[in-house]
Amino acid sequence: MSSDATISGDAIIRWLMIEAPRLEAPAALLNGYSLKLREAGIQVDRSTLGAPILHPIAKSSYVFWDNKTGPEQRWFVYTPDQMEMLKASPIQKIYTHGEPTSLRLDLPGDRSRYPIGEDLWAEGYRQYEALPLQFADGTFKVLTLATRSPNGFGETDRALIDATLPALTLVFEGFIARNTAKTLMETYVGTRAGLRVLDGEIARGDGSTIDAVIWFSDLRGFTSLAQSRSEDDLLKLLNDYFGTLTDAIEAHSGEVLKFIGDALLAVFPHRDDVGAAVERAEAAALSVTGYGQSGKDYMFGVGLHPGSVFYGNIGGGTRLDFTVIGSSVNIASRIEGLCGVLGETMLASSDFVARSKGQWRPMGQHTLKGVTDPVEIFAPEPD
């Protein structure tokens with residue numbers, strides 16, 4: 001490595017250790033690193049930075065960078081086509097064995113080794129490098145670099161890149177750890193609740209009172225369903241049921257807080273506009289209840305009620321749950337319990353209906369367990 005390259009390598013390492021950890025995401029890390037390499041005289045025209053991650057849908061997350069368009073976050077998802085593509089990629093060798101790949105794309109034998117070689121050659125690239133980044137746990141992640149330079153990457157270029165890889169690995173590992181924690185919180189706790197936990201609300205009793213529309217739903221006849229189906233069939237049914245409701249709730253800016261057996265608890269928070277929250281919850285419920293829920297071999301009910309609830313941590317000293325508690329949750333749950341009694345798939349309180357723009361019909365006043373005064377219940381008018 002020449003003295004100039006040594007100076008450039010030291011400068012990149014200093015940037016990686018001091019400035020890069022303060023960046024917001026891996027996309028910014030790859031963007032900065034690729035530009036630093038270009039400043040050092042290495043013609044990087046394309047790069048990627050990727051890692052298998054814990055995620056309920058995607059197998060891995062990676063950043064794609066192009067000198068003209070900049071960085072873009074991408075996901076590798078579990079599909080047969082994508083899996084076959086991965087198996088035919090030099091990246092798979094890195095994930096499984098930590099084995100790097102270097103392709104001189106102007107050599108027919110090199111570029112034909114992998115499908116990506118022919119693709120990159122057609123786009124004008126002349127050399128491709130897939131480099132392993134070994135994390136502390138022994139697993140390997142991937143950095144790829146490609147250039148359109150007719151001379152490819154020279155020995156000095158590779159020496160500088162190799163000198164910076166340990167620092168890049170260390171910073172990238174920190175990003176992946178934070179992203180994994182965020183994904184786990186969002187998946188198992190909820191998006192808003194997960195962010196609050198990550199922001200430090202981890203002590204028992206931490207939380208605040210919020211205004212929200214409470215959603216409570218429950219399967220009809222779950223006991224008989226469980227007795228008449230195999231375990232695999234029951235799990236498929238539950239996943240279909242919970243998936244249908246979760247998609248509808250999240251599509252209308254609600255948050256699923258928990259699954260309780262065959263029941264689901266969700267909230268549609270608001271600050272000052274309860275009418276807007278009612279509208280979102282109503283739209284989500286109408287999109288899934290469907291008056292008969294045709295096409296499904298199960299039935300469920302939805303109860304809706306607006307109110308103030310405590311949103312935070314409760315539980316034992318070492319085992320906490322981030323949830324909502326309060327009389328409004330109890331009322332929503334009891335209203336849903338009337339769905340089977342009244343033969344309706346969706347019911348709401350008078351407090352909810354008073355702020356709704358929809359058409360509702362009264363279903364009478366009902367005494368709810370744990371609620372002092374009778375509550376007037378409404379069902380939506382059929383279309």
# chains A, B, ... in the order shown; residues from 1 in each chain; ligands from 1
>>> residues_around(residues="stretch 301-304 of chain A", least_positions_apart="4", cutoff="6 Å", atoms="only C-alpha atoms", output="list in words")
Ile214, Trp215, Phe216, Ser217, Asp218, Ala332, Ile335, Glu336, Cys339, Thr345, Met346, Leu347 and Ala348 of chain A
>>> residues_around(residues="stretch 103-111 of chain A", least_positions_apart="6", cutoff="7 Å", atoms="only C-alpha atoms", output="MDAnalysis selection string")
chainID A and resid 117:118 121 126:129
>>> closest_residue(among="A:Pro115, A:Gly307, A:Pro362, A:Gly152", to="A:Val329", atoms="only C-alpha atoms")
A:Gly307
>>> atom_distance(atom1="atom CA of A:Leu165", atom2="atom CA of A:Gln134")
9.5 Å
>>> residues_around(residues="A:Ser34", least_positions_apart="2", cutoff="9 Å", atoms="only C-alpha atoms", output="JSON, numbers by chain")
{"A": [29, 30, 31, 32, 36, 37, 38, 39, 44, 45, 46, 47, 65, 67, 145]}
>>> write_last_selection(atoms="N, CA, C and O atoms", output="PDB file, in the first residue's frame")
ATOM      1  N   LEU A  29     -24.717   4.739   6.101  1.00  0.00           N
ATOM      2  CA  LEU A  29     -23.377   4.175   6.290  1.00  0.00           C
ATOM      3  C   LEU A  29     -22.764   3.776   4.954  1.00  0.00           C
ATOM      4  O   LEU A  29     -21.615   4.133   4.652  1.00  0.00           O
ATOM      5  N   LEU A  30     -23.522   3.037   4.134  1.00  0.00           N
ATOM      6  CA  LEU A  30     -22.986   2.600   2.848  1.00  0.00           C
ATOM      7  C   LEU A  30     -22.752   3.785   1.923  1.00  0.00           C
ATOM      8  O   LEU A  30     -21.753   3.825   1.192  1.00  0.00           O
ATOM      9  N   ASN A  31     -23.639   4.742   1.938  1.00  0.00           N
ATOM     10  CA  ASN A  31     -23.470   5.930   1.110  1.00  0.00           C
ATOM     11  C   ASN A  31     -22.175   6.658   1.466  1.00  0.00           C
ATOM     12  O   ASN A  31     -21.360   6.989   0.592  1.00  0.00           O
ATOM     13  N   GLY A  32     -21.979   6.879   2.775  1.00  0.00           N
ATOM     14  CA  GLY A  32     -20.766   7.582   3.211  1.00  0.00           C
ATOM     15  C   GLY A  32     -19.507   6.799   2.905  1.00  0.00           C
ATOM     16  O   GLY A  32     -18.501   7.359   2.445  1.00  0.00           O
ATOM     17  N   LYS A  36     -16.458   7.873   0.437  1.00  0.00           N
ATOM     18  CA  LYS A  36     -15.102   7.990   0.981  1.00  0.00           C
ATOM     19  C   LYS A  36     -14.116   7.195   0.126  1.00  0.00           C
ATOM     20  O   LYS A  36     -12.978   7.645  -0.106  1.00  0.00           O
ATOM     21  N   LEU A  37     -14.528   6.018  -0.335  1.00  0.00           N
ATOM     22  CA  LEU A  37     -13.649   5.249  -1.215  1.00  0.00           C
ATOM     23  C   LEU A  37     -13.391   5.999  -2.507  1.00  0.00           C
ATOM     24  O   LEU A  37     -12.254   6.013  -3.021  1.00  0.00           O
ATOM     25  N   ARG A  38     -14.407   6.642  -3.050  1.00  0.00           N
ATOM     26  CA  ARG A  38     -14.222   7.415  -4.271  1.00  0.00           C
ATOM     27  C   ARG A  38     -13.290   8.593  -4.030  1.00  0.00           C
ATOM     28  O   ARG A  38     -12.452   8.920  -4.888  1.00  0.00           O
ATOM     29  N   GLU A  39     -13.421   9.235  -2.865  1.00  0.00           N
ATOM     30  CA  GLU A  39     -12.521  10.347  -2.530  1.00  0.00           C
ATOM     31  C   GLU A  39     -11.080   9.871  -2.450  1.00  0.00           C
ATOM     32  O   GLU A  39     -10.144  10.636  -2.731  1.00  0.00           O
ATOM     33  N   VAL A  44     -15.546   3.297  -7.176  1.00  0.00           N
ATOM     34  CA  VAL A  44     -16.679   2.442  -6.823  1.00  0.00           C
ATOM     35  C   VAL A  44     -17.922   3.031  -7.481  1.00  0.00           C
ATOM     36  O   VAL A  44     -18.276   4.182  -7.239  1.00  0.00           O
ATOM     37  N   ASP A  45     -18.575   2.246  -8.333  1.00  0.00           N
ATOM     38  CA  ASP A  45     -19.778   2.722  -9.025  1.00  0.00           C
ATOM     39  C   ASP A  45     -21.056   2.068  -8.507  1.00  0.00           C
ATOM     40  O   ASP A  45     -22.155   2.560  -8.759  1.00  0.00           O
ATOM     41  N   ARG A  46     -20.901   0.975  -7.793  1.00  0.00           N
ATOM     42  CA  ARG A  46     -22.052   0.236  -7.264  1.00  0.00           C
ATOM     43  C   ARG A  46     -21.594  -0.504  -6.021  1.00  0.00           C
ATOM     44  O   ARG A  46     -20.491  -1.048  -5.973  1.00  0.00           O
ATOM     45  N   SER A  47     -22.450  -0.559  -5.002  1.00  0.00           N
ATOM     46  CA  SER A  47     -22.105  -1.299  -3.796  1.00  0.00           C
ATOM     47  C   SER A  47     -23.367  -1.766  -3.099  1.00  0.00           C
ATOM     48  O   SER A  47     -24.447  -1.204  -3.293  1.00  0.00           O
ATOM     49  N   TRP A  65     -26.456   0.689  -3.352  1.00  0.00           N
ATOM     50  CA  TRP A  65     -25.951   2.038  -3.618  1.00  0.00           C
ATOM     51  C   TRP A  65     -25.457   2.114  -5.056  1.00  0.00           C
ATOM     52  O   TRP A  65     -24.786   1.213  -5.562  1.00  0.00           O
ATOM     53  N   ASN A  67     -23.711   5.111  -7.805  1.00  0.00           N
ATOM     54  CA  ASN A  67     -23.081   6.428  -7.805  1.00  0.00           C
ATOM     55  C   ASN A  67     -24.004   7.523  -8.331  1.00  0.00           C
ATOM     56  O   ASN A  67     -23.855   8.694  -7.971  1.00  0.00           O
ATOM     57  N   LEU A 145     -18.750  -4.603  -3.986  1.00  0.00           N
ATOM     58  CA  LEU A 145     -18.293  -3.410  -4.684  1.00  0.00           C
ATOM     59  C   LEU A 145     -18.147  -3.741  -6.161  1.00  0.00           C
ATOM     60  O   LEU A 145     -17.682  -4.831  -6.510  1.00  0.00           O
TER      61      LEU A 145
END
>>> residues_around(residues="A:Lys141", least_positions_apart="4", cutoff="10 Å", atoms="only C-alpha atoms", output="list in words")
Leu49, Gly50, Ala51, Pro52, Tyr62, Ile91, Gln92, Ile94, Tyr95, Thr96, Gly98, Leu131, Pro132, Leu133, Gln134, Phe135, Thr169, Phe172 and Glu173 of chain A
>>> write_last_selection(atoms="N, CA and C atoms", output="PDB file, in the first residue's frame")
ATOM      1  N   LEU A  49     -24.654  -3.608   0.889  1.00  0.00           N
ATOM      2  CA  LEU A  49     -24.296  -3.981   2.255  1.00  0.00           C
ATOM      3  C   LEU A  49     -25.486  -4.747   2.809  1.00  0.00           C
ATOM      4  N   GLY A  50     -25.276  -6.014   3.153  1.00  0.00           N
ATOM      5  CA  GLY A  50     -26.430  -6.817   3.530  1.00  0.00           C
ATOM      6  C   GLY A  50     -26.167  -7.765   4.671  1.00  0.00           C
ATOM      7  N   ALA A  51     -27.276  -8.195   5.317  1.00  0.00           N
ATOM      8  CA  ALA A  51     -27.191  -9.121   6.440  1.00  0.00           C
ATOM      9  C   ALA A  51     -28.501  -9.857   6.615  1.00  0.00           C
ATOM     10  N   PRO A  52     -28.447 -11.187   6.859  1.00  0.00           N
ATOM     11  CA  PRO A  52     -29.674 -11.884   7.274  1.00  0.00           C
ATOM     12  C   PRO A  52     -30.131 -11.296   8.600  1.00  0.00           C
ATOM     13  N   TYR A  62     -30.897  -5.393   2.912  1.00  0.00           N
ATOM     14  CA  TYR A  62     -29.642  -4.907   2.359  1.00  0.00           C
ATOM     15  C   TYR A  62     -29.839  -3.526   1.751  1.00  0.00           C
ATOM     16  N   ILE A  91     -23.078 -14.275  -2.891  1.00  0.00           N
ATOM     17  CA  ILE A  91     -23.415 -13.853  -1.529  1.00  0.00           C
ATOM     18  C   ILE A  91     -23.713 -15.062  -0.649  1.00  0.00           C
ATOM     19  N   GLN A  92     -24.349 -16.103  -1.228  1.00  0.00           N
ATOM     20  CA  GLN A  92     -24.667 -17.294  -0.444  1.00  0.00           C
ATOM     21  C   GLN A  92     -23.405 -17.931   0.129  1.00  0.00           C
ATOM     22  N   ILE A  94     -20.759 -16.466   1.037  1.00  0.00           N
ATOM     23  CA  ILE A  94     -20.287 -15.665   2.161  1.00  0.00           C
ATOM     24  C   ILE A  94     -21.128 -15.944   3.395  1.00  0.00           C
ATOM     25  N   TYR A  95     -22.458 -15.934   3.234  1.00  0.00           N
ATOM     26  CA  TYR A  95     -23.330 -16.189   4.382  1.00  0.00           C
ATOM     27  C   TYR A  95     -23.048 -17.538   5.026  1.00  0.00           C
ATOM     28  N   THR A  96     -22.756 -18.558   4.213  1.00  0.00           N
ATOM     29  CA  THR A  96     -22.591 -19.906   4.743  1.00  0.00           C
ATOM     30  C   THR A  96     -21.148 -20.247   5.121  1.00  0.00           C
ATOM     31  N   GLY A  98     -18.263 -17.748   4.554  1.00  0.00           N
ATOM     32  CA  GLY A  98     -17.356 -16.607   4.643  1.00  0.00           C
ATOM     33  C   GLY A  98     -16.363 -16.557   3.506  1.00  0.00           C
ATOM     34  N   LEU A 131     -17.335  -9.361  -0.510  1.00  0.00           N
ATOM     35  CA  LEU A 131     -16.397  -9.466   0.610  1.00  0.00           C
ATOM     36  C   LEU A 131     -17.132  -9.798   1.910  1.00  0.00           C
ATOM     37  N   PRO A 132     -16.605 -10.762   2.694  1.00  0.00           N
ATOM     38  CA  PRO A 132     -17.254 -11.123   3.960  1.00  0.00           C
ATOM     39  C   PRO A 132     -16.926 -10.131   5.076  1.00  0.00           C
ATOM     40  N   LEU A 133     -17.934  -9.858   5.887  1.00  0.00           N
ATOM     41  CA  LEU A 133     -17.762  -9.051   7.093  1.00  0.00           C
ATOM     42  C   LEU A 133     -18.120  -9.967   8.268  1.00  0.00           C
ATOM     43  N   GLN A 134     -17.113 -10.389   9.046  1.00  0.00           N
ATOM     44  CA  GLN A 134     -17.372 -11.349  10.113  1.00  0.00           C
ATOM     45  C   GLN A 134     -17.725 -10.639  11.412  1.00  0.00           C
ATOM     46  N   PHE A 135     -18.947 -10.933  11.920  1.00  0.00           N
ATOM     47  CA  PHE A 135     -19.408 -10.339  13.163  1.00  0.00           C
ATOM     48  C   PHE A 135     -18.827 -11.096  14.362  1.00  0.00           C
ATOM     49  N   THR A 169     -17.043  -3.280   9.516  1.00  0.00           N
ATOM     50  CA  THR A 169     -17.752  -4.395  10.146  1.00  0.00           C
ATOM     51  C   THR A 169     -18.244  -4.022  11.529  1.00  0.00           C
ATOM     52  N   PHE A 172     -21.167  -1.560  11.233  1.00  0.00           N
ATOM     53  CA  PHE A 172     -22.334  -2.225  10.662  1.00  0.00           C
ATOM     54  C   PHE A 172     -22.975  -3.169  11.675  1.00  0.00           C
ATOM     55  N   GLU A 173     -22.155  -3.846  12.470  1.00  0.00           N
ATOM     56  CA  GLU A 173     -22.684  -4.749  13.492  1.00  0.00           C
ATOM     57  C   GLU A 173     -23.538  -3.985  14.507  1.00  0.00           C
TER      58      GLU A 173
END
>>> atom_distance(atom1="atom CA of A:Asp211", atom2="atom CA of A:Ala248")
20.5 Å
>>> residues_around(residues="A:Thr372", least_positions_apart="6", cutoff="12 Å", atoms="only C-alpha atoms", output="PyMOL selection string")
chain A and resi 327+330-331+366
>>> closest_residue(among="A:Arg178, A:Arg271, A:Lys258, A:His252", to="A:Ala284", atoms="only C-alpha atoms")
A:His252
